[in-house]
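So this block is protein.cif, mmCIF, C-alpha atoms:
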data_target
#
loop_
_atom_site.group_PDB
_atom_site.id
_atom_site.type_symbol
_atom_site.label_atom_id
_atom_site.label_comp_id
_atom_site.auth_asym_id
_atom_site.auth_seq_id
_atom_site.Cartn_x
_atom_site.Cartn_y
_atom_site.Cartn_z
ATOM 1 C CA MET A 1434 -5.004 20.443 0.213
ATOM 2 C CA ALA A 1435 -1.496 21.821 0.121
ATOM 3 C CA THR A 1436 0.994 20.100 -2.175
ATOM 4 C CA SER A 1437 3.987 19.523 0.122
ATOM 5 C CA ALA A 1438 3.742 16.932 2.868
ATOM 6 C CA PRO A 1439 3.261 18.416 6.344
ATOM 7 C CA ILE A 1440 5.359 15.713 8.001
ATOM 8 C CA GLU A 1441 8.113 13.369 6.769
ATOM 9 C CA ARG A 1442 10.066 10.462 8.229
ATOM 10 C CA ILE A 1443 12.614 9.134 5.752
ATOM 11 C CA TYR A 1444 13.835 5.612 6.477
ATOM 12 C CA ASP A 1445 16.536 3.710 4.585
ATOM 13 C CA LEU A 1446 14.956 0.328 3.877
ATOM 14 C CA SER A 1447 18.324 -1.103 2.825
ATOM 15 C CA ASP A 1448 19.403 -0.891 6.500
ATOM 16 C CA LEU A 1449 16.490 -3.134 7.546
ATOM 17 C CA SER A 1450 17.445 -6.533 8.926
ATOM 18 C CA VAL A 1451 15.463 -9.745 8.418
ATOM 19 C CA ALA A 1452 14.097 -9.331 11.968
ATOM 20 C CA GLY A 1453 12.479 -6.040 10.934
ATOM 21 C CA THR A 1454 11.811 -3.013 13.095
ATOM 22 C CA GLU A 1455 9.043 -0.890 14.530
ATOM 23 C CA VAL A 1456 8.936 2.876 14.071
ATOM 24 C CA THR A 1457 6.587 5.236 15.893
ATOM 25 C CA ILE A 1458 5.684 8.626 14.454
ATOM 26 C CA ASP A 1459 4.146 10.887 17.108
ATOM 27 C CA ALA A 1460 3.559 14.327 15.617
ATOM 28 C CA LYS A 1461 4.607 17.315 17.683
ATOM 29 C CA PRO A 1462 2.214 20.299 18.092
ATOM 30 C CA GLU A 1463 3.769 22.289 15.225
ATOM 31 C CA GLN A 1464 3.573 19.216 12.946
ATOM 32 C CA ARG A 1465 -0.072 18.636 13.937
ATOM 33 C CA ALA A 1466 -0.820 22.264 13.025
ATOM 34 C CA LYS A 1467 0.725 21.667 9.583
ATOM 35 C CA ILE A 1468 -1.312 18.459 9.166
ATOM 36 C CA ALA A 1469 -4.504 20.368 10.074
ATOM 37 C CA GLU A 1470 -3.696 23.030 7.480
ATOM 38 C CA TRP A 1471 -2.891 20.352 4.881
ATOM 39 C CA LEU A 1472 -6.190 18.543 5.542
ATOM 40 C CA GLU A 1473 -8.114 21.833 5.809
ATOM 41 C CA VAL A 1474 -9.567 20.963 9.231
ATOM 42 C CA GLU A 1475 -9.736 23.100 12.373
ATOM 43 C CA SER A 1476 -7.130 21.179 14.374
ATOM 44 C CA VAL A 1477 -5.355 17.865 14.859
ATOM 45 C CA GLU A 1478 -5.049 16.980 18.528
ATOM 46 C CA LYS A 1479 -3.316 13.599 18.105
ATOM 47 C CA PHE A 1480 -1.456 11.924 15.236
ATOM 48 C CA ILE A 1481 0.356 8.691 16.053
ATOM 49 C CA GLY A 1482 1.467 6.070 13.580
ATOM 50 C CA VAL A 1483 3.079 2.788 14.601
ATOM 51 C CA ILE A 1484 4.785 1.133 11.634
ATOM 52 C CA ALA A 1485 6.145 -2.406 11.523
ATOM 53 C CA LEU A 1486 8.679 -2.957 8.748
ATOM 54 C CA ARG A 1487 9.805 -6.389 7.549
ATOM 55 C CA LYS A 1488 12.262 -7.356 4.839
ATOM 56 C CA LEU A 1489 10.696 -9.943 2.502
ATOM 57 C CA SER A 1490 13.594 -10.198 0.026
ATOM 58 C CA MET A 1491 16.499 -8.109 -1.236
ATOM 59 C CA ASN A 1492 14.190 -5.462 -2.702
ATOM 60 C CA ARG A 1493 10.739 -6.222 -1.194
ATOM 61 C CA TYR A 1494 9.474 -4.952 2.119
ATOM 62 C CA ARG A 1495 6.245 -5.166 4.144
ATOM 63 C CA TYR A 1496 4.882 -1.939 5.655
ATOM 64 C CA GLU A 1497 2.164 -2.509 8.303
ATOM 65 C CA ALA A 1498 0.754 0.456 10.182
ATOM 66 C CA VAL A 1499 -1.739 1.508 12.788
ATOM 67 C CA LEU A 1500 -2.774 5.157 12.617
ATOM 68 C CA LYS A 1501 -4.569 6.898 15.472
ATOM 69 C CA CYS A 1502 -5.707 10.451 14.941
ATOM 70 C CA ASN A 1503 -8.003 12.827 16.834
ATOM 71 C CA LEU A 1504 -9.039 15.932 14.951
ATOM 72 C CA THR A 1505 -11.673 18.657 14.840
ATOM 73 C CA GLN A 1506 -13.644 19.508 11.710
ATOM 74 C CA SER A 1507 -16.430 22.015 11.103
ATOM 75 C CA SER A 1508 -19.920 20.654 10.533
ATOM 76 C CA VAL A 1509 -21.130 21.324 6.991
ATOM 77 C CA VAL A 1510 -24.621 21.997 8.393
ATOM 78 C CA THR A 1511 -24.033 24.243 11.426
ATOM 79 C CA LEU A 1512 -20.286 25.053 11.170
ATOM 80 C CA GLN A 1513 -19.958 23.881 14.793
ATOM 81 C CA PRO A 1514 -16.726 22.032 15.672
ATOM 82 C CA LEU A 1515 -16.958 18.242 15.515
ATOM 83 C CA ARG A 1516 -14.396 15.994 17.155
ATOM 84 C CA THR A 1517 -13.463 12.959 15.091
ATOM 85 C CA ARG A 1518 -11.453 9.902 16.104
ATOM 86 C CA ILE A 1519 -9.876 7.906 13.297
ATOM 87 C CA GLU A 1520 -8.134 4.573 13.743
ATOM 88 C CA GLU A 1521 -6.897 2.811 10.619
ATOM 89 C CA ARG A 1522 -4.932 -0.420 10.136
ATOM 90 C CA PHE A 1523 -3.364 -1.028 6.757
ATOM 91 C CA SER A 1524 -0.424 -2.674 5.066
ATOM 92 C CA ARG A 1525 1.521 -2.300 1.868
ATOM 93 C CA GLU A 1526 4.149 -4.268 0.085
ATOM 94 C CA LEU A 1527 6.981 -2.135 -1.248
ATOM 95 C CA HIS A 1528 9.195 -3.111 -4.156
ATOM 96 C CA VAL A 1529 12.366 -1.128 -4.802
ATOM 97 C CA ALA A 1530 12.739 -1.024 -8.582
ATOM 98 C CA TYR A 1531 16.302 0.039 -9.212
ATOM 99 C CA ARG A 1532 16.576 1.625 -12.637
ATOM 100 C CA SER A 1533 19.765 2.342 -14.483
ATOM 101 C CA ARG A 1534 20.287 5.967 -15.391
ATOM 102 C CA HIS A 1535 21.169 4.847 -18.919
ATOM 103 C CA ALA A 1536 18.285 2.421 -19.415
ATOM 104 C CA PRO A 1537 15.401 3.881 -21.378
ATOM 105 C CA GLU A 1538 11.943 3.868 -19.815
ATOM 106 C CA PRO A 1539 9.748 1.093 -21.195
ATOM 107 C CA ASP A 1540 7.282 2.204 -23.873
ATOM 108 C CA LYS A 1541 4.563 -0.044 -22.473
ATOM 109 C CA GLU A 1542 1.132 1.384 -21.850
ATOM 110 C CA LEU A 1543 0.028 1.049 -18.238
ATOM 111 C CA THR A 1544 -3.107 -1.035 -17.759
ATOM 112 C CA LEU A 1545 -4.712 -1.464 -14.366
ATOM 113 C CA SER A 1546 -7.238 -3.957 -13.114
ATOM 114 C CA ALA A 1547 -9.142 -4.393 -9.855
ATOM 115 C CA ALA A 1548 -6.619 -7.028 -8.781
ATOM 116 C CA ASP A 1549 -3.803 -4.441 -8.952
ATOM 117 C CA ASP A 1550 -4.768 -3.111 -5.505
ATOM 118 C CA ASP A 1551 -2.765 -5.978 -4.021
ATOM 119 C CA ALA A 1552 0.225 -5.412 -6.286
ATOM 120 C CA PRO A 1553 3.390 -4.129 -4.617
ATOM 121 C CA GLU A 1554 3.973 -0.418 -4.621
ATOM 122 C CA GLU A 1555 7.019 0.290 -6.755
ATOM 123 C CA ILE A 1556 9.444 2.814 -5.346
ATOM 124 C CA ASP A 1557 12.610 4.157 -6.990
ATOM 125 C CA SER A 1558 14.806 4.304 -3.919
ATOM 126 C CA PRO A 1559 15.176 2.463 -0.617
ATOM 127 C CA HIS A 1560 14.912 5.875 1.077
ATOM 128 C CA TYR A 1561 11.192 5.781 1.864
ATOM 129 C CA ASP A 1562 8.976 8.340 3.611
ATOM 130 C CA LEU A 1563 7.181 6.334 6.321
ATOM 131 C CA ALA A 1564 4.778 9.217 7.068
ATOM 132 C CA ALA A 1565 3.403 9.485 3.507
ATOM 133 C CA PRO A 1566 1.159 6.373 3.666
ATOM 134 C CA LEU A 1567 -0.148 7.519 7.077
ATOM 135 C CA LEU A 1568 -1.138 10.895 5.624
ATOM 136 C CA GLU A 1569 -2.666 9.255 2.564
ATOM 137 C CA GLU A 1570 -4.805 6.866 4.636
ATOM 138 C CA LEU A 1571 -5.854 9.700 6.960
ATOM 139 C CA SER A 1572 -6.991 11.863 4.046
ATOM 140 C CA LEU A 1573 -8.983 8.933 2.627
ATOM 141 C CA ALA A 1574 -10.606 8.166 6.002
ATOM 142 C CA LEU A 1575 -11.645 11.772 6.573
ATOM 143 C CA ASP A 1576 -15.370 12.496 6.162
ATOM 144 C CA PRO A 1577 -15.631 15.089 3.352
ATOM 145 C CA TYR A 1578 -19.044 16.282 4.653
ATOM 146 C CA PRO A 1579 -18.839 16.056 8.440
ATOM 147 C CA ARG A 1580 -21.963 16.585 10.517
ATOM 148 C CA ALA A 1581 -23.232 15.443 13.886
ATOM 149 C CA GLU A 1582 -25.592 12.458 13.896
ATOM 150 C CA GLU A 1583 -28.550 14.606 14.982
ATOM 151 C CA GLU A 1584 -27.896 17.200 12.272
ATOM 152 C CA SER A 1585 -29.624 16.899 8.952
ATOM 153 C CA PHE A 1586 -29.676 19.102 5.936
ATOM 154 C CA SER A 1587 -33.033 19.726 4.322
ATOM 155 C CA LEU A 1588 -33.999 21.932 1.452
ATOM 156 C CA PRO A 1589 -36.146 24.944 2.294
ATOM 157 C CA GLU A 1590 -39.878 24.374 1.966
ATOM 158 C CA PRO A 1591 -41.394 25.835 -1.206
ATOM 159 C CA PRO A 1592 -43.852 28.682 -0.703
ATOM 160 C CA ASP A 1593 -47.464 27.612 -0.174
ATOM 161 C CA ALA A 1594 -48.743 29.481 -3.208
ATOM 162 C CA LYS A 1595 -48.560 27.461 -6.405
ATOM 163 C CA LEU A 1596 -46.435 29.215 -8.992
ATOM 164 C CA ASP A 1597 -47.909 29.683 -12.417
ATOM 165 C CA SER A 1598 -46.076 28.292 -15.377
ATOM 166 C CA PRO A 1599 -44.313 30.814 -17.599
ATOM 167 C CA PHE A 1600 -46.853 30.074 -20.357
ATOM 168 C CA ALA A 1601 -49.782 30.879 -18.052
ATOM 169 C CA VAL A 1602 -48.160 34.203 -17.184
ATOM 170 C CA LEU A 1603 -47.691 35.000 -20.898
ATOM 171 C CA LYS A 1604 -51.346 34.200 -21.591
ATOM 172 C CA ARG A 1605 -52.414 36.564 -18.810
ATOM 173 C CA LEU A 1606 -50.173 39.299 -20.160
ATOM 174 C CA LYS A 1607 -51.652 38.906 -23.629
ATOM 175 C CA GLY A 1608 -55.144 38.988 -22.158
ATOM 176 C CA GLU A 1609 -56.045 35.530 -23.493
ATOM 177 C CA GLU A 1610 -57.501 34.304 -20.202
#
Let me see whether you can do it: turn the structure in this file into structure tokens.
Amino acid sequence: MATSAPIERIYDLSDLSVAGTEVTIDAKPEQRAKIAEWLEVESVEKFIGVIALRKLSMNRYRYEAVLKCNLTQSSVVTLQPLRTRIEERFSRELHVAYRSRHAPEPDKELTLSAADDDAPEEIDSPHYDLAAPLLEELSLALDPYPRAEEESFSLPEPPDAKLDSPFAVLKRLKGEE
């Protein structure tokens, strides 16, 4: 995958009211082409994200999204195009961690546990890219080995003749048989 994001939608979370807001990201054809290149798929026919934002406190926000995407991938078995429909619902809690330019970074070692999946995502600025989580969830939902249900990959059948072991061949060459 390419390193730069194919689509961005920067939103200033500090402008968010307590009532919240809803933002829709509907990718245009040129943006869908960039997303397809980024994902390394044949094409993206539809990419729509509906994001509900709510302010939880002065520096905490709730990001809830529904992503709908139609795309075409190549089958890993036949290389034929396969149409895929992805619909994902997810949410995140965002925490803006303002850091002073003069404050040193903590020297603590980062330890993660399984429970950290529910921990808020720390961001450095209230200027947040709303499209980034949509792209992340799409890339995680994408089948890395797409194939049609009726397609199966099987190893080629071995030849009917039983192969001699290398030691049996050596014995024959030496004339010990």
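Minimum distance to Val1477 in chain A across A:Ala1438, A:Arg1580, A:Thr1517, A:Met1491 (counting all atoms listed in the file) occurs at A:Thr1517.
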Within 7 Å of Glu1555 in chain A using all atoms listed in the file, minus same-chain residues under 4 positions, as a ChimeraX atom specification: /A:1527-1530
Nearby residues, (5.1, 1.5, -3.2) file frame, 12 Å, all atoms listed in the file, as a VMD selection string: chain A and resid 1492 to 1496 1524 to 1530 1550 to 1563 1565 to 1566
Exercise: Ala1574 in chain A partners within 10 Å, only C-alpha atoms, chain neighbours under 6 positions left out, as an mmCIF file with C-alpha atoms, keeping the file's coordinate frame:
data_model
loop_
_atom_site.group_PDB
_atom_site.id
_atom_site.type_symbol
_atom_site.label_atom_id
_atom_site.label_comp_id
_atom_site.auth_asym_id
_atom_site.auth_seq_id
_atom_site.Cartn_x
_atom_site.Cartn_y
_atom_site.Cartn_z
ATOM 1 C CA ILE A 1519 -9.876 7.906 13.297
ATOM 2 C CA GLU A 1520 -8.134 4.573 13.743
ATOM 3 C CA GLU A 1521 -6.897 2.811 10.619
ATOM 4 C CA LEU A 1568 -1.138 10.895 5.624
#
Given the PyMOL selection byres ((chain A and resi 1575) around 10), the residues it picks as a PyMOL selection string: chain A and resi 1472+1474+1504+1506+1517-1519+1570-1574+1576-1579
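Between CA of Ser1476 in chain A and CA of Lys1461 in chain A there is a distance of 12.8 Å.
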Output of the PyMOL selection byres ((chain A and resi 1457) around 8), listed as a PyMOL selection string: chain A and resi 1455-1456+1458-1459+1481-1484
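Using only C-alpha atoms, the shortest contact distance between Glu1475 in chain A and any of A:Lys1488, A:Arg1516, A:Arg1442, A:Lys1604 is found at A:Arg1516.
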Expected answer as a VMD selection string: all residues with atoms within 7 Å of (12.5, -4.6, 9.2), only C-alpha atoms: chain A and resid 1449 to 1454 1486 to 1488
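For the pair CA of Leu1446 in chain A and CA of Ala1498 in chain A, the separation is 15.5 Å.
Taking CA of Asp1448 in chain A and CA of Val1499 in chain A as endpoints, the distance between them is 22.2 Å.
Of the residues under consideration (A:Glu1497, A:Glu1569, A:Glu1582, A:Glu1473), A:Glu1582 shows the shortest atom-to-atom contact distance to Leu1515 in chain A when counting all atoms listed in the file.
In this comparison, which uses only C-alpha atoms, the residue of A:Leu1512, A:Ile1440, A:Arg1605, A:Phe1523 approaching Phe1480 in chain A most closely is A:Ile1440.
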Best match for closeness to Lys1479 in chain A among A:Asn1503, A:Gln1464, A:Gln1513, A:Ser1508, counting only C-alpha atoms: A:Asn1503
Completed range 1552-1567 of chain A (N, CA and C atoms) as a compact mmCIF listing (two decimals), keeping the file's coordinate frame:
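Written output follows (rebuild.txt):
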# COMPACT_ATOMS: atom_id res chain seq x y z
N ALA A 1552 -1.10 -5.41 -5.69
CA ALA A 1552 0.22 -5.41 -6.29
C ALA A 1552 1.17 -4.57 -5.43
N PRO A 1553 2.44 -4.92 -5.39
CA PRO A 1553 3.39 -4.13 -4.62
C PRO A 1553 3.50 -2.71 -5.15
N GLU A 1554 3.76 -1.81 -4.25
CA GLU A 1554 3.97 -0.42 -4.62
C GLU A 1554 5.43 -0.28 -5.04
N GLU A 1555 5.65 0.14 -6.27
CA GLU A 1555 7.02 0.29 -6.76
C GLU A 1555 7.58 1.64 -6.34
N ILE A 1556 8.75 1.60 -5.76
CA ILE A 1556 9.44 2.81 -5.35
C ILE A 1556 10.82 2.82 -6.01
N ASP A 1557 11.35 4.02 -6.26
CA ASP A 1557 12.61 4.16 -6.99
C ASP A 1557 13.85 4.06 -6.11
N SER A 1558 13.66 4.24 -4.81
CA SER A 1558 14.81 4.30 -3.92
C SER A 1558 14.46 3.61 -2.60
N PRO A 1559 15.45 3.05 -1.93
CA PRO A 1559 15.18 2.46 -0.62
C PRO A 1559 14.95 3.52 0.46
N HIS A 1560 15.18 4.78 0.14
CA HIS A 1560 14.91 5.88 1.08
C HIS A 1560 13.43 6.21 0.96
N TYR A 1561 12.65 5.74 1.94
CA TYR A 1561 11.19 5.78 1.86
C TYR A 1561 10.63 6.66 2.98
N ASP A 1562 9.64 7.48 2.63
CA ASP A 1562 8.98 8.34 3.61
C ASP A 1562 7.89 7.53 4.32
N LEU A 1563 8.13 7.15 5.56
CA LEU A 1563 7.18 6.33 6.32
C LEU A 1563 5.90 7.10 6.67
N ALA A 1564 5.95 8.42 6.71
CA ALA A 1564 4.78 9.22 7.07
C ALA A 1564 3.80 9.36 5.91
N ALA A 1565 4.27 9.26 4.67
CA ALA A 1565 3.40 9.48 3.51
C ALA A 1565 2.19 8.56 3.46
N PRO A 1566 2.35 7.23 3.67
CA PRO A 1566 1.16 6.37 3.67
C PRO A 1566 0.19 6.70 4.81
N LEU A 1567 0.72 7.13 5.96
CA LEU A 1567 -0.15 7.52 7.08
C LEU A 1567 -1.01 8.71 6.68
